[in-house]
>>> print(open('data_4.cif').read())   # mmCIF, C-alpha atoms
data_upload
loop_
_atom_site.label_atom_id
_atom_site.label_comp_id
_atom_site.auth_asym_id
_atom_site.auth_seq_id
_atom_site.Cartn_x
_atom_site.Cartn_y
_atom_site.Cartn_z
CA MET A 270 -52.08 -4.65 -15.42
CA SER A 271 -50.62 -7.23 -17.80
CA GLU A 272 -52.34 -9.78 -20.04
CA VAL A 273 -50.62 -13.03 -21.03
CA LEU A 274 -51.37 -14.12 -24.59
CA LYS A 275 -48.92 -17.01 -24.47
CA LYS A 276 -47.14 -18.52 -21.52
CA PRO A 277 -44.34 -21.12 -21.38
CA VAL A 278 -44.82 -24.74 -20.45
CA ALA A 279 -44.18 -25.40 -16.75
CA ALA A 280 -40.44 -25.42 -16.18
CA GLU A 281 -40.41 -28.82 -14.51
CA SER A 282 -41.73 -30.53 -17.63
CA VAL A 283 -39.00 -29.19 -19.93
CA ARG A 284 -35.97 -28.83 -17.67
CA ARG A 285 -32.88 -30.79 -18.66
CA ASP A 286 -31.74 -33.28 -16.04
CA ARG A 287 -28.82 -31.20 -14.83
CA THR A 288 -27.82 -33.81 -12.27
CA GLU A 289 -27.23 -36.37 -14.99
CA VAL A 290 -25.26 -33.87 -17.09
CA GLY A 291 -23.17 -32.87 -14.07
CA GLU A 292 -22.31 -36.43 -13.15
CA LYS A 293 -21.30 -37.29 -16.71
CA VAL A 294 -19.10 -34.21 -17.01
CA THR A 295 -17.42 -34.94 -13.67
CA SER A 296 -16.53 -38.47 -14.76
CA ILE A 297 -15.04 -37.25 -18.06
CA LEU A 298 -12.99 -34.51 -16.43
CA ASP A 299 -11.68 -36.92 -13.77
CA ASP A 300 -10.70 -39.34 -16.52
CA ILE A 301 -8.82 -36.60 -18.40
CA ARG A 302 -6.97 -35.55 -15.25
CA ARG A 303 -5.82 -39.13 -14.76
CA GLY A 304 -5.32 -40.24 -18.34
CA GLY A 305 -4.27 -37.11 -20.24
CA ASP A 306 -4.07 -37.52 -24.00
CA ALA A 307 -5.27 -41.13 -23.93
CA ALA A 308 -8.48 -40.14 -22.14
CA VAL A 309 -9.04 -37.18 -24.46
CA ARG A 310 -8.65 -39.46 -27.46
CA LYS A 311 -11.03 -42.05 -25.99
CA TRP A 312 -13.80 -39.51 -25.42
CA SER A 313 -13.27 -37.86 -28.81
CA GLN A 314 -13.68 -41.26 -30.45
CA THR A 315 -16.75 -41.98 -28.32
CA PHE A 316 -18.60 -38.73 -28.97
CA ASP A 317 -17.31 -37.57 -32.37
CA ASN A 318 -15.88 -40.75 -33.88
CA TRP A 319 -12.71 -38.71 -34.27
CA SER A 320 -9.21 -39.93 -33.39
CA PRO A 321 -6.59 -38.42 -35.75
CA GLU A 322 -2.87 -38.84 -35.30
CA SER A 323 -2.80 -35.34 -33.84
CA PHE A 324 -5.67 -33.08 -32.80
CA LEU A 325 -3.43 -30.06 -33.38
CA LEU A 326 -3.58 -28.76 -36.93
CA SER A 327 -0.19 -28.00 -38.47
CA GLN A 328 0.43 -24.74 -40.28
CA SER A 329 0.55 -26.54 -43.62
CA LYS A 330 -2.74 -28.30 -42.89
CA ILE A 331 -4.37 -25.00 -41.93
CA GLU A 332 -3.19 -23.43 -45.19
CA GLU A 333 -4.52 -26.41 -47.14
CA ILE A 334 -7.92 -26.14 -45.44
CA ILE A 335 -8.19 -22.39 -46.01
CA ALA A 336 -7.26 -22.79 -49.67
CA GLY A 337 -10.47 -24.78 -50.14
CA VAL A 338 -12.74 -22.15 -48.61
CA PRO A 339 -14.64 -20.01 -51.15
CA ALA A 340 -13.21 -16.52 -51.61
CA GLN A 341 -16.52 -14.89 -50.67
CA VAL A 342 -16.58 -16.74 -47.35
CA ILE A 343 -13.03 -15.55 -46.57
CA GLU A 344 -13.96 -12.00 -47.55
CA ASP A 345 -17.01 -12.06 -45.27
CA ILE A 346 -14.99 -13.48 -42.37
CA GLU A 347 -12.43 -10.72 -42.77
CA PHE A 348 -15.17 -8.07 -42.92
CA VAL A 349 -16.81 -9.28 -39.72
CA GLN A 350 -13.50 -9.63 -37.91
CA ARG A 351 -12.69 -6.01 -38.77
CA GLN A 352 -15.94 -4.96 -37.10
CA VAL A 353 -15.20 -7.01 -33.98
CA ARG A 354 -11.58 -5.87 -33.87
CA THR A 355 -12.52 -2.19 -34.22
CA PHE A 356 -15.05 -2.31 -31.40
CA ALA A 357 -12.73 -4.34 -29.16
CA GLN A 358 -9.91 -1.87 -29.80
CA HIS A 359 -12.12 1.00 -28.67
CA GLN A 360 -12.89 -0.99 -25.52
CA ARG A 361 -9.17 -1.56 -24.92
CA ASP A 362 -8.40 2.12 -25.48
CA SER A 363 -10.93 3.03 -22.79
CA LEU A 364 -8.87 1.15 -20.20
CA THR A 365 -5.84 3.13 -19.12
CA ASP A 366 -3.04 2.47 -16.67
CA PHE A 367 -2.45 5.23 -14.15
CA GLU A 368 -0.35 6.22 -11.15
CA VAL A 369 -1.31 8.84 -8.56
CA GLU A 370 0.42 10.39 -5.54
CA THR A 371 -2.16 10.34 -2.73
CA LEU A 372 0.18 11.67 0.01
CA PRO A 373 3.73 13.04 -0.28
CA GLY A 374 5.79 10.13 -1.61
CA VAL A 375 2.84 7.67 -1.61
CA HIS A 376 2.46 6.36 -5.15
CA LEU A 377 -0.49 4.11 -6.05
CA GLY A 378 -0.95 2.62 -9.50
CA GLN A 379 -3.16 0.42 -11.62
CA ARG A 380 -2.20 -1.78 -14.57
CA HIS A 381 -4.17 -3.90 -17.03
CA ILE A 382 -2.15 -7.03 -17.75
CA PRO A 383 -3.22 -9.53 -20.44
CA ILE A 384 -3.83 -13.10 -19.32
CA ASN A 385 -0.94 -15.27 -20.48
CA ARG A 386 -2.80 -18.14 -22.12
CA VAL A 387 -6.45 -18.45 -23.13
CA GLY A 388 -8.49 -21.38 -24.41
CA ALA A 389 -11.15 -20.42 -26.96
CA TYR A 390 -13.96 -22.90 -27.63
CA VAL A 391 -15.75 -22.55 -30.98
CA PRO A 392 -18.86 -24.78 -31.11
CA GLY A 393 -19.60 -27.12 -33.99
CA GLY A 394 -22.14 -29.91 -34.10
CA ARG A 395 -25.26 -28.97 -36.01
CA TYR A 396 -24.28 -25.30 -36.21
CA PRO A 397 -20.63 -24.48 -36.95
CA LEU A 398 -20.49 -21.10 -35.19
CA THR A 399 -17.70 -19.41 -37.09
CA ALA A 400 -18.70 -16.11 -35.46
CA SER A 401 -17.60 -17.46 -32.08
CA ALA A 402 -14.04 -17.51 -33.40
CA HIS A 403 -14.26 -13.76 -34.00
CA MET A 404 -15.75 -13.07 -30.59
CA THR A 405 -13.35 -15.14 -28.50
CA ILE A 406 -10.06 -15.02 -30.41
CA VAL A 407 -10.04 -11.56 -32.00
CA THR A 408 -11.05 -9.97 -28.71
CA ALA A 409 -8.33 -11.85 -26.83
CA LYS A 410 -5.70 -10.74 -29.31
CA VAL A 411 -6.81 -7.10 -29.09
CA ALA A 412 -6.40 -7.42 -25.32
CA GLY A 413 -2.82 -8.53 -25.91
CA VAL A 414 -3.10 -12.21 -24.93
CA PRO A 415 0.16 -13.77 -26.17
CA SER A 416 -1.11 -17.34 -26.54
CA VAL A 417 -4.59 -18.45 -27.65
CA ALA A 418 -5.32 -22.17 -28.03
CA ALA A 419 -8.57 -22.69 -29.94
CA CYS A 420 -10.69 -25.84 -30.21
CA THR A 421 -13.57 -26.75 -32.49
CA PRO A 422 -15.11 -30.20 -33.07
CA PRO A 423 -15.27 -32.09 -36.35
CA ILE A 424 -18.71 -32.15 -37.93
CA ARG A 425 -19.83 -35.67 -38.79
CA GLY A 426 -16.22 -36.68 -39.30
CA GLU A 427 -15.38 -33.70 -41.51
CA ILE A 428 -13.14 -30.70 -40.89
CA PRO A 429 -15.22 -27.49 -40.61
CA ALA A 430 -13.13 -25.53 -43.09
CA ALA A 431 -14.80 -22.13 -42.69
CA THR A 432 -14.48 -22.35 -38.90
CA VAL A 433 -10.79 -23.23 -39.14
CA ALA A 434 -10.30 -20.29 -41.50
CA ALA A 435 -12.05 -17.98 -39.04
CA MET A 436 -9.93 -19.24 -36.13
CA HIS A 437 -6.72 -18.76 -38.09
CA LEU A 438 -7.60 -15.32 -39.42
CA ALA A 439 -8.65 -14.27 -35.91
CA GLY A 440 -5.11 -14.96 -34.71
CA ALA A 441 -5.27 -18.34 -32.93
CA ASP A 442 -1.78 -19.56 -32.03
CA GLU A 443 -2.89 -23.21 -31.87
CA ILE A 444 -5.93 -24.83 -33.51
CA TYR A 445 -7.16 -28.21 -32.26
CA LEU A 446 -9.84 -30.20 -34.03
CA LEU A 447 -11.40 -31.35 -30.78
CA GLY A 448 -14.80 -30.75 -29.23
CA GLY A 449 -17.03 -31.18 -26.23
CA VAL A 450 -16.05 -31.81 -22.63
CA GLN A 451 -12.86 -33.50 -23.81
CA ALA A 452 -11.70 -30.23 -25.40
CA ILE A 453 -12.58 -28.16 -22.35
CA GLY A 454 -10.89 -30.68 -20.06
CA ALA A 455 -7.72 -30.82 -22.16
CA LEU A 456 -7.42 -27.03 -22.21
CA ALA A 457 -8.15 -26.54 -18.52
CA CYS A 458 -6.23 -29.49 -17.08
CA GLY A 459 -3.46 -29.80 -19.66
CA THR A 460 -2.22 -33.04 -21.17
CA GLU A 461 1.03 -34.33 -22.63
CA THR A 462 0.36 -32.41 -25.86
CA VAL A 463 -2.08 -29.65 -24.87
CA GLY A 464 -0.74 -26.85 -22.72
CA ARG A 465 -2.90 -25.75 -19.79
CA VAL A 466 -4.71 -22.43 -20.20
CA ASP A 467 -5.48 -19.76 -17.63
CA LEU A 468 -8.97 -18.84 -18.87
CA LEU A 469 -11.66 -20.55 -20.96
CA ALA A 470 -13.93 -18.56 -23.25
CA GLY A 471 -16.67 -19.38 -25.71
CA PRO A 472 -20.21 -20.81 -25.84
CA GLY A 473 -21.20 -24.46 -26.08
CA ASN A 474 -23.89 -27.01 -25.32
CA ALA A 475 -25.10 -28.00 -21.85
CA TYR A 476 -22.14 -30.35 -21.35
CA VAL A 477 -19.56 -27.73 -22.34
CA ALA A 478 -21.26 -25.17 -20.10
CA GLU A 479 -21.26 -27.62 -17.19
CA ALA A 480 -17.59 -28.46 -17.75
CA LYS A 481 -16.71 -24.77 -17.56
CA ARG A 482 -18.80 -24.41 -14.41
CA GLN A 483 -17.02 -27.31 -12.71
CA LEU A 484 -13.58 -26.04 -13.74
CA PHE A 485 -14.17 -22.45 -12.61
CA GLY A 486 -11.62 -21.64 -9.95
CA GLU A 487 -9.15 -24.10 -11.37
CA VAL A 488 -9.14 -21.80 -14.40
CA GLY A 489 -11.02 -18.61 -15.16
CA ILE A 490 -14.06 -18.62 -17.44
CA ASP A 491 -15.83 -15.92 -19.42
CA LEU A 492 -19.33 -16.56 -18.02
CA PHE A 493 -21.80 -19.20 -16.93
CA ALA A 494 -23.77 -19.70 -20.13
CA GLY A 495 -27.20 -21.17 -20.71
CA PRO A 496 -29.56 -21.39 -23.70
CA THR A 497 -29.75 -18.36 -25.99
CA GLU A 498 -32.51 -15.89 -25.10
CA ILE A 499 -34.36 -13.10 -26.88
CA LEU A 500 -36.80 -10.56 -25.46
CA VAL A 501 -38.53 -8.08 -27.76
CA ILE A 502 -40.15 -4.89 -26.50
CA ALA A 503 -42.64 -3.60 -29.08
CA ASP A 504 -45.22 -0.84 -29.24
CA ALA A 505 -48.27 -0.57 -31.50
CA ASP A 506 -46.17 0.89 -34.34
CA ALA A 507 -43.87 -2.14 -34.61
CA ASP A 508 -44.11 -4.42 -37.63
CA PRO A 509 -45.58 -7.71 -36.31
CA PHE A 510 -44.00 -9.72 -39.13
CA VAL A 511 -40.53 -8.39 -38.20
CA VAL A 512 -41.22 -9.17 -34.54
CA ALA A 513 -42.24 -12.75 -35.38
CA VAL A 514 -39.19 -13.34 -37.57
CA ASP A 515 -36.83 -11.96 -34.96
CA LEU A 516 -38.31 -14.07 -32.15
CA LEU A 517 -37.87 -17.23 -34.21
CA SER A 518 -34.36 -16.21 -35.27
CA GLN A 519 -33.16 -16.97 -31.76
CA ALA A 520 -35.54 -19.85 -31.04
CA GLU A 521 -33.70 -21.87 -33.70
CA HIS A 522 -30.61 -22.00 -31.47
CA GLY A 523 -32.07 -24.87 -29.49
CA PRO A 524 -35.26 -26.42 -28.10
CA ASP A 525 -34.73 -24.72 -24.74
CA SER A 526 -34.15 -21.16 -26.02
CA PRO A 527 -36.64 -18.67 -24.53
CA ALA A 528 -38.28 -16.12 -26.87
CA VAL A 529 -40.35 -13.45 -25.15
CA LEU A 530 -42.45 -10.57 -26.49
CA ILE A 531 -43.54 -7.73 -24.21
CA THR A 532 -45.85 -5.33 -26.00
CA THR A 533 -48.18 -2.44 -25.28
CA SER A 534 -50.54 -3.65 -28.04
CA ALA A 535 -52.71 -6.73 -27.67
CA GLU A 536 -53.53 -6.51 -31.37
CA LEU A 537 -49.83 -6.63 -32.27
CA GLY A 538 -49.32 -9.54 -29.89
CA ARG A 539 -52.08 -11.58 -31.48
CA THR A 540 -50.84 -10.78 -34.99
CA VAL A 541 -47.32 -11.88 -34.03
CA LEU A 542 -48.73 -15.21 -32.83
CA GLU A 543 -50.53 -15.64 -36.16
CA HIS A 544 -47.35 -14.91 -38.12
CA ILE A 545 -45.35 -17.39 -36.04
CA ASP A 546 -47.96 -20.10 -36.67
CA LYS A 547 -47.52 -19.51 -40.42
CA ILE A 548 -43.73 -19.21 -40.44
CA LEU A 549 -42.79 -22.14 -38.20
CA PRO A 550 -44.00 -25.09 -40.32
CA ASP A 551 -41.68 -24.17 -43.21
CA MET A 552 -38.60 -23.23 -41.18
CA PRO A 553 -35.63 -25.48 -42.02
CA THR A 554 -34.71 -25.32 -38.34
CA LYS A 555 -38.20 -25.94 -36.98
CA ASP A 556 -37.07 -29.07 -35.08
CA PHE A 557 -35.36 -26.64 -32.68
CA ALA A 558 -37.43 -23.49 -33.17
CA GLU A 559 -40.81 -25.21 -32.80
CA PRO A 560 -40.26 -26.79 -29.36
CA ALA A 561 -38.41 -23.67 -28.19
CA TRP A 562 -41.39 -21.50 -29.06
CA ARG A 563 -43.94 -24.04 -27.81
CA ASP A 564 -42.25 -24.61 -24.46
CA HIS A 565 -40.46 -21.30 -23.81
CA GLY A 566 -42.26 -18.72 -25.93
CA GLU A 567 -44.15 -15.91 -24.18
CA VAL A 568 -46.30 -12.98 -25.25
CA ILE A 569 -47.23 -10.46 -22.57
CA VAL A 570 -49.30 -7.31 -23.02
CA VAL A 571 -48.63 -4.39 -20.65
CA ASP A 572 -50.22 -0.97 -20.22
CA SER A 573 -47.17 1.21 -20.90
CA LEU A 574 -43.60 1.14 -22.13
CA ASP A 575 -42.42 2.00 -18.62
CA GLU A 576 -44.09 -1.19 -17.44
CA ALA A 577 -42.46 -3.04 -20.33
CA TYR A 578 -38.99 -1.78 -19.38
CA THR A 579 -39.55 -2.73 -15.73
CA LEU A 580 -40.72 -6.23 -16.64
CA ALA A 581 -37.84 -6.67 -19.12
CA ASP A 582 -35.38 -5.78 -16.38
CA ILE A 583 -36.87 -8.56 -14.25
CA TYR A 584 -36.27 -11.05 -17.06
CA ALA A 585 -32.69 -9.71 -17.47
CA SER A 586 -32.53 -11.33 -20.90
CA GLU A 587 -29.40 -12.04 -22.89
CA HIS A 588 -30.69 -10.10 -25.93
CA VAL A 589 -33.25 -7.28 -25.73
CA GLU A 590 -34.58 -5.92 -29.00
CA VAL A 591 -36.46 -2.62 -28.75
CA LEU A 592 -38.93 -2.03 -31.60
CA THR A 593 -40.62 1.19 -30.54
CA ALA A 594 -41.07 4.74 -31.80
CA ASN A 595 -38.21 5.94 -29.58
CA PRO A 596 -35.95 2.91 -29.00
CA ARG A 597 -33.06 4.88 -27.45
CA GLU A 598 -35.33 5.59 -24.48
CA ALA A 599 -34.43 2.07 -23.31
CA LEU A 600 -30.85 3.21 -22.67
CA ALA A 601 -32.10 5.41 -19.84
CA LYS A 602 -34.90 3.17 -18.67
CA MET A 603 -33.25 -0.27 -18.53
CA THR A 604 -30.31 -1.73 -16.58
CA ASN A 605 -30.52 -5.53 -16.91
CA TYR A 606 -29.60 -6.97 -20.31
CA GLY A 607 -26.70 -8.62 -22.08
CA GLY A 608 -27.06 -6.56 -25.24
CA LEU A 609 -29.56 -3.95 -26.42
CA PHE A 610 -30.62 -3.82 -30.07
CA LEU A 611 -32.34 -0.55 -30.79
CA GLY A 612 -34.86 -0.02 -33.56
CA GLU A 613 -36.09 -1.95 -36.57
CA GLY A 614 -32.85 -1.34 -38.48
CA THR A 615 -31.02 -3.43 -35.89
CA CYS A 616 -31.58 -7.05 -34.90
CA VAL A 617 -30.11 -9.61 -32.54
CA SER A 618 -28.81 -11.58 -35.52
CA TYR A 619 -26.55 -8.64 -36.40
CA GLY A 620 -25.03 -8.91 -32.94
CA ASP A 621 -24.62 -12.66 -33.34
CA LYS A 622 -22.96 -12.51 -36.74
CA VAL A 623 -21.72 -9.21 -38.15
CA ILE A 624 -22.04 -5.91 -36.32
CA GLY A 625 -18.96 -6.05 -34.06
CA THR A 626 -20.26 -6.18 -30.49
CA ASN A 627 -19.52 -9.45 -28.70
CA HIS A 628 -22.15 -12.19 -28.90
CA VAL A 629 -20.99 -14.09 -25.80
CA LEU A 630 -23.52 -12.66 -23.35
CA PRO A 631 -25.07 -13.45 -19.94
CA THR A 632 -28.11 -15.74 -19.76
CA ARG A 633 -30.51 -17.10 -17.12
CA GLY A 634 -30.87 -13.74 -15.42
CA SER A 635 -27.16 -13.21 -14.86
CA ALA A 636 -27.43 -9.89 -16.71
CA ARG A 637 -28.52 -8.59 -13.30
CA TYR A 638 -24.89 -8.66 -12.19
CA THR A 639 -22.61 -9.05 -15.21
CA GLY A 640 -22.10 -8.00 -18.79
CA GLY A 641 -20.86 -10.20 -21.60
CA LEU A 642 -17.46 -11.14 -22.94
CA TRP A 643 -15.33 -8.11 -23.76
CA VAL A 644 -11.71 -7.15 -24.07
CA GLY A 645 -11.49 -6.47 -20.33
CA LYS A 646 -12.26 -10.12 -19.57
CA TYR A 647 -8.85 -11.03 -20.97
CA LEU A 648 -7.09 -8.49 -18.76
CA LYS A 649 -6.14 -8.66 -15.10
CA THR A 650 -6.61 -5.27 -13.46
CA VAL A 651 -3.91 -5.13 -10.78
CA THR A 652 -2.58 -2.49 -8.43
CA TYR A 653 0.81 -1.56 -6.98
CA SER A 654 2.02 0.84 -4.31
CA GLU A 655 5.29 2.47 -3.33
CA VAL A 656 6.05 4.80 -0.39
CA THR A 657 9.23 6.84 -0.87
CA ASP A 658 8.66 9.57 1.73
CA ARG A 659 9.73 8.56 5.24
CA SER A 660 7.38 10.90 7.06
CA SER A 661 4.40 9.57 5.06
CA SER A 662 5.44 6.01 5.83
CA ALA A 663 5.71 6.89 9.52
CA LYS A 664 2.23 8.45 9.48
CA LEU A 665 0.77 5.41 7.74
CA GLY A 666 2.57 3.18 10.24
CA GLU A 667 1.02 4.95 13.22
CA VAL A 668 -2.50 4.67 11.77
CA CYS A 669 -1.87 1.08 10.69
CA GLY A 670 -0.86 0.15 14.22
CA ARG A 671 -4.01 1.58 15.75
CA ALA A 672 -6.34 0.26 13.02
CA ALA A 673 -4.88 -3.24 13.16
CA ARG A 674 -5.20 -3.46 16.95
CA VAL A 675 -8.89 -2.57 16.73
CA GLU A 676 -9.17 -5.78 14.70
CA LEU A 677 -6.82 -7.67 17.07
CA PHE A 678 -4.18 -8.15 14.35
CA GLU A 679 -1.05 -7.61 16.40
CA GLY A 680 1.31 -8.77 13.66
CA HIS A 681 -0.13 -6.25 11.21
CA ALA A 682 0.17 -3.55 13.84
CA ARG A 683 3.84 -4.28 14.41
CA SER A 684 4.63 -3.94 10.69
CA GLY A 685 3.31 -0.39 10.95
CA ASP A 686 5.01 0.21 14.31
CA VAL A 687 8.50 -0.57 13.04
CA ARG A 688 8.19 2.00 10.27
CA ALA A 689 6.81 4.64 12.61
CA ALA A 690 9.75 3.92 14.93
CA LYS A 691 12.41 3.84 12.21
CA TYR A 692 11.25 6.91 10.31
CA ALA A 693 9.83 9.11 13.12
CA GLY A 694 11.31 7.77 16.35
CA ALA A 695 8.03 6.46 17.74
CA PRO A 696 8.54 4.11 20.71
CA LEU A 697 8.28 0.34 20.22
CA GLU A 698 6.75 -0.67 23.53
CA TRP A 699 6.28 -4.29 22.57
CA SER A 700 9.96 -4.46 21.52
CA ASP A 701 11.03 -3.26 24.95
CA GLN A 702 8.81 -5.88 26.55
CA MET A 703 10.38 -8.58 24.45
CA SER A 704 13.89 -7.46 25.40
CA ALA A 705 12.98 -7.34 29.08
CA GLY A 706 11.67 -10.85 28.97
CA ALA A 707 14.56 -12.32 26.99
CA PRO A 708 17.04 -14.63 28.76
CA ALA A 709 20.39 -13.11 29.76
#
>>> encode(input="data_4.cif", output="C-alpha cells")
Amino acid sequence: MSEVLKKPVAAESVRRDRTEVGEKVTSILDDIRRGGDAAVRKWSQTFDNWSPESFLLSQSKIEEIIAGVPAQVIEDIEFVQRQVRTFAQHQRDSLTDFEVETLPGVHLGQRHIPINRVGAYVPGGRYPLTASAHMTIVTAKVAGVPSVAACTPPIRGEIPAATVAAMHLAGADEIYLLGGVQAIGALACGTETVGRVDLLAGPGNAYVAEAKRQLFGEVGIDLFAGPTEILVIADADADPFVVAVDLLSQAEHGPDSPAVLITTSAELGRTVLEHIDKILPDMPTKDFAEPAWRDHGEVIVVDSLDEAYTLADIYASEHVEVLTANPREALAKMTNYGGLFLGEGTCVSYGDKVIGTNHVLPTRGSARYTGGLWVGKYLKTVTYSEVTDRSSSAKLGEVCGRAARVELFEGHARSGDVRAAKYAGAPLEWSDQMSAGAPA
C-alpha cells in the first residue's frame, strides 16, 4: 500500500506543444534539404545570431581556442576522457568476431564493423555540456569510427572554448560551430560543405530531439531522448539531505525534468520535502529546478524495498539512484533503468560528468526496451556464411526446397533444388517440365 506525499501536476497542464515543435522542425529540415548551406546559414543567423565565414573550425583556430583554456580545465577534461575511454574499451573488448562450422563445410561468422561516419551533437545554450563530447566522440573513436563530425552551438555569440577543447581532445575529425536543428539537418542531409553522416548521436533540446526523430531511418540515431530524469530509492537509513540535493541536481536540467523519490520511510520523505523547500530558493538554477520539482516532482512511500523496486521498474527511469543499506540488491531486483547508481558514495552527477559510464541514456520509459549509448551503438553487427562442402550444400538445398514450398516461395525452392541436383544428383522436375513445354 503506497502513500503519495507529493504528486506531479497533471500532465496536460505542463506538456510541451509537440505538434508545434514537430511542424517547425519539419519546415527547417525541408528548407535545408532544398537550400543546403544557404538554408543552414539562414537558420543559424535566425536562432543564434551566428553566420561566420565558415562554420568549420580550422586546425589553427582550434589550437588558438584551446590555448586560451585554463590548464586545470584541460587537465580535468583529459582525466574524464580517460575514464570514458577505459570503460568504452572494456565494452569493445567484450564484443568479439567469431566463425563456427555448424555442419561439415558450413561456415557461419559474425563481425562488428564500425559505422563509417558519425555526427556528434554537443549541446550549448545555457549549459555548455562539455561532457557530451566525451560520451559521443570518445566512445565512437574507441569503436573505430574513422570519421566523426561534431557540432556545438555558439553561446550568446561566443565560442565555447572548453567545449571545443573537449571535442578536439576526444578525437573529433571535424568541429563545426553550429547548433540546433540546422546542425542536425546539415549532418543528416549533407550540404555543399558538410558531409552527410550515417548516424547521429548526442543529447539536445526538444527541437534537436524532434529533428533526430524525424530523420531516423534516413540516418541512424543513438536514441529517442526526452527530458533528463532521476528516480531515487531510499530506505529509512538514507540521509534525507543527500536525497534532496541529488533530486535537485537533475531537476536543474530543465523545467520538465522529472525527479522522483520512492522510499520505505514516510519520515524520510517528509524531511526530504522540507530540505528541498529550504534549498530551492537559493539555487542559482532555480528557474529550471523550481518548476521541474513543482510540476514533475514526486515522493511516494511504499511498504517494502521489493515494492520500491517493482514500482521503479514501472517508471523505467533514465537514472536510478539506490540509497539503501544494501544497494547492490537492486542489481538482482531491477530490470528497467538507463543507469544504476548504487550507494551514497555514488551519484547521478558522477555519471553525467566524471565516472566513465555513458550519460546518454533512455528516457520516457524507453529503458523498458533499450539501454543507453555505448560503444556497440557505433558498430554494425553483421553476419556472413560460406558452404564449401558439396554434400552439405546438397542437404541444405533439399531442405530449402521443401521449406520454401511450404511458404509458396517457388523461386527460393529452386535455388535450393539446383544445388541439390548439381551436388547430389537430385532430380529437377520443374526443369524437365520447362524443357517439355519449350518450343522446338
>>> atom_distance(input="data_4.cif", atom1="atom CA of A:Arg380", atom2="atom CA of A:Phe678")
29.7 Å
>>> resolve_selection(input="data_4.cif", expression="the PyMOL selection byres ((chain A and resi 422) around 10)", output="NGL selection string")
:A and (313 or 317 or 319 or 324 or 390-394 or 397 or 420-421 or 423-429 or 432 or 445-449 or 452)
>>> residues_around(input="data_4.cif", residues="A:Glu368", least_positions_apart="6", cutoff="8 Å", atoms="only C-alpha atoms", output="JSON, numbers by chain")
{"A": [376, 377, 378, 379]}
>>> resolve_selection(input="data_4.cif", expression="the PyMOL selection byres ((chain A and resi 296) around 12)", output="PDB file with C-alpha atoms, in the frame of the given file")
ATOM      1  CA  GLU A 289     -27.230 -36.370 -14.990  1.00  0.00           C
ATOM      2  CA  VAL A 290     -25.260 -33.870 -17.090  1.00  0.00           C
ATOM      3  CA  GLY A 291     -23.170 -32.870 -14.070  1.00  0.00           C
ATOM      4  CA  GLU A 292     -22.310 -36.430 -13.150  1.00  0.00           C
ATOM      5  CA  LYS A 293     -21.300 -37.290 -16.710  1.00  0.00           C
ATOM      6  CA  VAL A 294     -19.100 -34.210 -17.010  1.00  0.00           C
ATOM      7  CA  THR A 295     -17.420 -34.940 -13.670  1.00  0.00           C
ATOM      8  CA  ILE A 297     -15.040 -37.250 -18.060  1.00  0.00           C
ATOM      9  CA  LEU A 298     -12.990 -34.510 -16.430  1.00  0.00           C
ATOM     10  CA  ASP A 299     -11.680 -36.920 -13.770  1.00  0.00           C
ATOM     11  CA  ASP A 300     -10.700 -39.340 -16.520  1.00  0.00           C
ATOM     12  CA  ILE A 301      -8.820 -36.600 -18.400  1.00  0.00           C
ATOM     13  CA  ARG A 302      -6.970 -35.550 -15.250  1.00  0.00           C
ATOM     14  CA  ARG A 303      -5.820 -39.130 -14.760  1.00  0.00           C
ATOM     15  CA  GLY A 304      -5.320 -40.240 -18.340  1.00  0.00           C
ATOM     16  CA  ALA A 308      -8.480 -40.140 -22.140  1.00  0.00           C
ATOM     17  CA  TRP A 312     -13.800 -39.510 -25.420  1.00  0.00           C
ATOM     18  CA  VAL A 450     -16.050 -31.810 -22.630  1.00  0.00           C
ATOM     19  CA  GLN A 451     -12.860 -33.500 -23.810  1.00  0.00           C
ATOM     20  CA  GLY A 454     -10.890 -30.680 -20.060  1.00  0.00           C
ATOM     21  CA  TYR A 476     -22.140 -30.350 -21.350  1.00  0.00           C
ATOM     22  CA  ALA A 480     -17.590 -28.460 -17.750  1.00  0.00           C
ATOM     23  CA  GLN A 483     -17.020 -27.310 -12.710  1.00  0.00           C
TER      24      GLN A 483
END
>>> closest_residue(input="data_4.cif", among="A:Asp701, A:Asp366, A:Asp467, A:Asp621", to="A:Ala400", atoms="only C-alpha atoms")
A:Asp621
>>> residues_near_point(input="data_4.cif", point="(-36.7, -10.5, -31.8)", cutoff="10 Å", atoms="all atoms listed in the file", output="compact mmCIF listing (two decimals) with C-alpha atoms, in the coordinates of the input")
# COMPACT_ATOMS: atom_id res chain seq x y z
CA GLU A 498 -32.51 -15.89 -25.10
CA ILE A 499 -34.36 -13.10 -26.88
CA LEU A 500 -36.80 -10.56 -25.46
CA VAL A 501 -38.53 -8.08 -27.76
CA ILE A 502 -40.15 -4.89 -26.50
CA ALA A 503 -42.64 -3.60 -29.08
CA VAL A 511 -40.53 -8.39 -38.20
CA VAL A 512 -41.22 -9.17 -34.54
CA ALA A 513 -42.24 -12.75 -35.38
CA VAL A 514 -39.19 -13.34 -37.57
CA ASP A 515 -36.83 -11.96 -34.96
CA LEU A 516 -38.31 -14.07 -32.15
CA LEU A 517 -37.87 -17.23 -34.21
CA SER A 518 -34.36 -16.21 -35.27
CA GLN A 519 -33.16 -16.97 -31.76
CA ALA A 520 -35.54 -19.85 -31.04
CA ALA A 528 -38.28 -16.12 -26.87
CA VAL A 529 -40.35 -13.45 -25.15
CA LEU A 530 -42.45 -10.57 -26.49
CA HIS A 588 -30.69 -10.10 -25.93
CA VAL A 589 -33.25 -7.28 -25.73
CA GLU A 590 -34.58 -5.92 -29.00
CA VAL A 591 -36.46 -2.62 -28.75
CA LEU A 592 -38.93 -2.03 -31.60
CA PHE A 610 -30.62 -3.82 -30.07
CA GLU A 613 -36.09 -1.95 -36.57
CA THR A 615 -31.02 -3.43 -35.89
CA CYS A 616 -31.58 -7.05 -34.90
CA VAL A 617 -30.11 -9.61 -32.54
CA SER A 618 -28.81 -11.58 -35.52
>>> resolve_selection(input="data_4.cif", expression="the PyMOL selection byres ((chain A and resi 464) around 12)", output="list of chain:residue names")
A:Gly305, A:Asp306, A:Leu325, A:Asn385, A:Arg386, A:Val387, A:Gly388, A:Ser416, A:Val417, A:Ala418, A:Ala419, A:Asp442, A:Glu443, A:Tyr445, A:Ala452, A:Ile453, A:Gly454, A:Ala455, A:Leu456, A:Ala457, A:Cys458, A:Gly459, A:Thr460, A:Glu461, A:Thr462, A:Val463, A:Arg465, A:Val466, A:Asp467
